[in-house]
Amino acid sequence: MTERRIDTYTFFSVPVTVMNFGEEADDLNERLIKDALSERSLNPSSSRSAINGWQSEGGMENRYQSYFELRSHIKQVIESTLPSLGFTITDFDHYFKCDELWVNILEKTGAFHVPHIHGTGETLFAGVYYPQDYVVKDEGSDIRATSVPEPGDLMLFDPASTQKRSVIPQDIVNRYPYYGSEICIRPRKGNLIVFPSYLSHMVAPLYGEDLPEQRISISFSYSKR
């Protein structure tokens, strides 16, 4: 007689990794910021998705030792999560590479990054690292399910949000806020955020009084060789 059982699977979920490197990364963070400002002084006009902001060209890991070190840390974190996502290979270096690190600096009121994705069809994961805080309201959770971001928040968009919200009542959405909702994440020093490259995201506009001086972030790609 077959035993009665119930199995629940999390099919089609979107894996997002959040890790903080802690105080041991303070020296690295200082060097990352110093090198970012140096790069901007050498190339003042580069830009990608930023409005009223500056972005470096990719390949910062090839020009600065600090970014070479950060690349190694990012690669280690990503590859430690791959087995839990179903990857059965162990020779990650043979198949994948972590590269094209670039810097983003927002300073002006109203500056933001438009919704976008990273990479090409060869890119598996994208992400961002924060060498310093950009926290306007230091209260409540740093990760929130809301469509009303704080200035400078990283916003992640559920690619199936429209479909999900069209088939369930609003009271269920309120009880399960991550289902189909935008996710807002405060830029916290030492935080590394990794997500699938197809996940659309943006940076909320800088506005209001007493804003931090500048919002610096470092983006990257994890791609097939």
# chains A, B, ... in the order shown; residues from 1 in each chain; ligands from 1
$ residues_around --residues "A:Tyr222" --least-positions-apart "3" --cutoff "7 Å" --atoms "only C-alpha atoms" --output "ChimeraX atom specification"
/A:96-99,123-126
$ write_last_selection --atoms "N, CA, C and O atoms" --output "JSON list (two decimals), in the first residue's frame"
[["chain", "number", "residue", "atom", "x", "y", "z"],
["A", 96, "PHE", "N", 32.60, 29.09, -15.67],
["A", 96, "PHE", "CA", 32.08, 30.40, -15.34],
["A", 96, "PHE", "C", 33.20, 31.39, -15.00],
["A", 96, "PHE", "O", 34.30, 30.99, -14.61],
["A", 97, "LYS", "N", 32.88, 32.66, -15.10],
["A", 97, "LYS", "CA", 33.81, 33.72, -14.73],
["A", 97, "LYS", "C", 33.05, 34.85, -14.06],
["A", 97, "LYS", "O", 31.88, 35.11, -14.36],
["A", 98, "CYS", "N", 33.70, 35.50, -13.14],
["A", 98, "CYS", "CA", 33.16, 36.69, -12.48],
["A", 98, "CYS", "C", 34.03, 37.87, -12.92],
["A", 98, "CYS", "O", 35.22, 37.89, -12.62],
["A", 99, "ASP", "N", 33.44, 38.82, -13.65],
["A", 99, "ASP", "CA", 34.26, 39.90, -14.18],
["A", 99, "ASP", "C", 33.41, 41.14, -14.45],
["A", 99, "ASP", "O", 32.27, 41.24, -14.02],
["A", 123, "THR", "N", 25.12, 35.59, -19.38],
["A", 123, "THR", "CA", 25.22, 35.98, -17.97],
["A", 123, "THR", "C", 24.22, 35.22, -17.11],
["A", 123, "THR", "O", 23.03, 35.23, -17.40],
["A", 124, "LEU", "N", 24.71, 34.58, -16.05],
["A", 124, "LEU", "CA", 23.84, 33.84, -15.14],
["A", 124, "LEU", "C", 23.35, 34.71, -13.99],
["A", 124, "LEU", "O", 22.16, 34.76, -13.70],
["A", 125, "PHE", "N", 24.31, 35.37, -13.32],
["A", 125, "PHE", "CA", 23.98, 36.16, -12.15],
["A", 125, "PHE", "C", 24.55, 37.57, -12.27],
["A", 125, "PHE", "O", 25.57, 37.79, -12.92],
["A", 126, "ALA", "N", 23.89, 38.51, -11.65],
["A", 126, "ALA", "CA", 24.37, 39.87, -11.54],
["A", 126, "ALA", "C", 24.29, 40.25, -10.07],
["A", 126, "ALA", "O", 23.77, 39.50, -9.24]]
$ residues_around --residues "A:Leu37" --least-positions-apart "5" --cutoff "9 Å" --atoms "only C-alpha atoms" --output "VMD selection string"
chain A and resid 32 42 105
$ residues_around --residues "A:Leu206" --least-positions-apart "5" --cutoff "12 Å" --atoms "only C-alpha atoms" --output "VMD selection string"
chain A and resid 50 to 53 105 to 113 134 to 136 149 to 154 211 to 215
$ write_last_selection --atoms "N, CA, C and O atoms" --output "CSV table (one decimal), in the first residue's frame"
chain,number,residue,atom,x,y,z
A,50,ALA,N,22.6,55.2,-15.3
A,50,ALA,CA,22.5,56.3,-14.3
A,50,ALA,C,21.9,57.6,-14.9
A,50,ALA,O,22.3,58.0,-16.0
A,51,ILE,N,21.0,58.2,-14.2
A,51,ILE,CA,20.5,59.5,-14.6
A,51,ILE,C,21.1,60.5,-13.5
A,51,ILE,O,20.9,60.3,-12.3
A,52,ASN,N,21.8,61.5,-14.0
A,52,ASN,CA,22.5,62.5,-13.1
A,52,ASN,C,23.5,61.7,-12.2
A,52,ASN,O,23.7,62.1,-11.0
A,53,GLY,N,24.1,60.7,-12.7
A,53,GLY,CA,25.1,60.0,-12.0
A,53,GLY,C,26.3,59.6,-12.9
A,53,GLY,O,26.3,59.9,-14.1
A,105,ILE,N,28.3,56.0,-9.0
A,105,ILE,CA,28.3,57.0,-8.0
A,105,ILE,C,27.1,58.0,-8.3
A,105,ILE,O,27.0,58.5,-9.4
A,106,LEU,N,26.2,58.1,-7.3
A,106,LEU,CA,25.1,59.0,-7.4
A,106,LEU,C,25.3,60.1,-6.3
A,106,LEU,O,25.5,59.7,-5.1
A,107,GLU,N,25.1,61.3,-6.6
A,107,GLU,CA,25.3,62.4,-5.6
A,107,GLU,C,24.2,63.5,-5.7
A,107,GLU,O,23.8,64.0,-4.7
A,108,LYS,N,23.7,63.8,-6.9
A,108,LYS,CA,22.8,64.9,-7.0
A,108,LYS,C,21.4,64.5,-6.6
A,108,LYS,O,20.9,63.4,-6.8
A,109,THR,N,20.6,65.5,-6.1
A,109,THR,CA,19.2,65.2,-5.8
A,109,THR,C,18.5,64.9,-7.1
A,109,THR,O,18.7,65.5,-8.2
A,110,GLY,N,17.7,63.8,-7.1
A,110,GLY,CA,17.0,63.4,-8.2
A,110,GLY,C,17.7,62.3,-9.0
A,110,GLY,O,17.2,61.7,-10.0
A,111,ALA,N,19.0,62.0,-8.7
A,111,ALA,CA,19.7,61.0,-9.4
A,111,ALA,C,19.2,59.6,-9.1
A,111,ALA,O,18.7,59.4,-8.0
A,112,PHE,N,19.2,58.8,-10.1
A,112,PHE,CA,18.7,57.4,-9.9
A,112,PHE,C,19.2,56.5,-11.1
A,112,PHE,O,19.8,57.0,-12.0
A,113,HIS,N,18.9,55.2,-11.0
A,113,HIS,CA,19.2,54.3,-12.0
A,113,HIS,C,17.9,53.8,-12.6
A,113,HIS,O,17.0,53.4,-11.8
A,134,TYR,N,24.3,53.9,2.5
A,134,TYR,CA,23.5,55.0,2.0
A,134,TYR,C,22.2,54.8,2.7
A,134,TYR,O,21.2,54.2,2.0
A,135,VAL,N,22.0,55.1,3.9
A,135,VAL,CA,20.8,54.8,4.7
A,135,VAL,C,20.2,56.1,5.1
A,135,VAL,O,20.8,56.9,5.9
A,136,VAL,N,18.9,56.3,4.7
A,136,VAL,CA,18.2,57.6,5.0
A,136,VAL,C,17.4,57.3,6.3
A,136,VAL,O,17.4,58.2,7.2
A,149,PRO,N,9.7,53.1,-2.1
A,149,PRO,CA,11.1,52.9,-1.6
A,149,PRO,C,11.6,54.2,-0.8
A,149,PRO,O,11.0,55.3,-1.0
A,150,GLU,N,12.7,54.0,-0.1
A,150,GLU,CA,13.4,55.1,0.5
A,150,GLU,C,14.4,55.6,-0.5
A,150,GLU,O,14.8,54.8,-1.4
A,151,PRO,N,14.9,56.8,-0.4
A,151,PRO,CA,15.9,57.3,-1.4
A,151,PRO,C,17.1,56.4,-1.4
A,151,PRO,O,17.6,56.1,-0.4
A,152,GLY,N,17.5,56.1,-2.6
A,152,GLY,CA,18.7,55.3,-2.8
A,152,GLY,C,18.5,53.8,-2.6
A,152,GLY,O,19.5,53.0,-2.8
A,153,ASP,N,17.3,53.3,-2.3
A,153,ASP,CA,17.0,51.9,-2.2
A,153,ASP,C,17.3,51.2,-3.5
A,153,ASP,O,17.0,51.7,-4.6
A,154,LEU,N,17.8,49.9,-3.4
A,154,LEU,CA,17.8,49.0,-4.5
A,154,LEU,C,16.4,48.4,-4.6
A,154,LEU,O,15.9,47.8,-3.6
A,211,LEU,N,20.4,64.1,3.1
A,211,LEU,CA,20.9,62.9,2.4
A,211,LEU,C,22.3,62.7,2.6
A,211,LEU,O,23.1,63.6,2.8
A,212,PRO,N,22.8,61.4,2.7
A,212,PRO,CA,24.2,61.2,2.7
A,212,PRO,C,24.9,61.8,1.5
A,212,PRO,O,24.3,62.1,0.5
A,213,GLU,N,26.2,62.0,1.6
A,213,GLU,CA,26.9,62.8,0.6
A,213,GLU,C,26.9,62.1,-0.8
A,213,GLU,O,26.7,62.8,-1.8
A,214,GLN,N,27.1,60.8,-0.8
A,214,GLN,CA,27.1,60.1,-2.1
A,214,GLN,C,26.8,58.7,-1.9
A,214,GLN,O,26.9,58.1,-0.8
A,215,ARG,N,26.2,58.1,-3.0
A,215,ARG,CA,25.9,56.7,-3.0
A,215,ARG,C,26.8,55.9,-3.9
A,215,ARG,O,26.7,56.2,-5.1
$ closest_residue --among "A:Asn191, A:Ser223, A:Ser72, A:Thr162" --to "A:Thr120" --atoms "only C-alpha atoms"
A:Ser223
$ atom_distance --atom1 "atom CA of A:Gln55" --atom2 "atom CA of A:Glu100"
12.5 Å
$ closest_residue --among "A:Lys137, A:Arg188, A:His201, A:Lys34" --to "A:Asp158" --atoms "only C-alpha atoms"
A:His201
$ closest_residue --among "A:Arg165, A:Phe157, A:Val194, A:Asp35" --to "A:Ile78" --atoms "only C-alpha atoms"
A:Val194
$ atom_distance --atom1 "atom CA of A:Glu182" --atom2 "atom CA of A:Glu23"
29.6 Å
$ select_by_dssp --residues "stretch 135-168 of chain A" --states "strand (DSSP E or B)" --output "PyMOL selection string"
chain A and resi 143-145+154-156
$ write_last_selection --atoms "N, CA and C atoms" --output "PDB file, in the first residue's frame"
ATOM      1  N   ILE A 143      15.380  44.939   4.389  1.00  0.00           N
ATOM      2  CA  ILE A 143      14.761  44.306   3.221  1.00  0.00           C
ATOM      3  C   ILE A 143      13.243  44.354   3.409  1.00  0.00           C
ATOM      4  N   ARG A 144      12.567  45.063   2.495  1.00  0.00           N
ATOM      5  CA  ARG A 144      11.139  45.320   2.687  1.00  0.00           C
ATOM      6  C   ARG A 144      10.373  45.050   1.406  1.00  0.00           C
ATOM      7  N   ALA A 145       9.173  44.479   1.547  1.00  0.00           N
ATOM      8  CA  ALA A 145       8.276  44.280   0.419  1.00  0.00           C
ATOM      9  C   ALA A 145       7.367  45.500   0.329  1.00  0.00           C
ATOM     10  N   LEU A 154      17.811  49.936  -3.414  1.00  0.00           N
ATOM     11  CA  LEU A 154      17.815  49.008  -4.536  1.00  0.00           C
ATOM     12  C   LEU A 154      16.435  48.374  -4.599  1.00  0.00           C
ATOM     13  N   MET A 155      15.793  48.434  -5.768  1.00  0.00           N
ATOM     14  CA  MET A 155      14.470  47.844  -5.951  1.00  0.00           C
ATOM     15  C   MET A 155      14.577  46.665  -6.918  1.00  0.00           C
ATOM     16  N   LEU A 156      14.096  45.497  -6.478  1.00  0.00           N
ATOM     17  CA  LEU A 156      14.042  44.302  -7.308  1.00  0.00           C
ATOM     18  C   LEU A 156      12.595  44.041  -7.692  1.00  0.00           C
TER      19      LEU A 156
END
$ closest_residue --among "A:Ser141, A:Ser66, A:Ser147, A:Ser80" --to "A:Asn29" --atoms "only C-alpha atoms"
A:Ser66
$ atom_distance --atom1 "atom CA of A:Asp138" --atom2 "atom CA of A:Arg40"
29.0 Å
$ closest_residue --among "A:Leu199, A:Val16, A:Ala204, A:Val167" --to "A:Leu85" --atoms "only C-alpha atoms"
A:Val16
$ closest_residue --among "A:Ser49, A:Ser38, A:Ser217, A:Ser13" --to "A:Gly180" --atoms "only C-alpha atoms"
A:Ser13
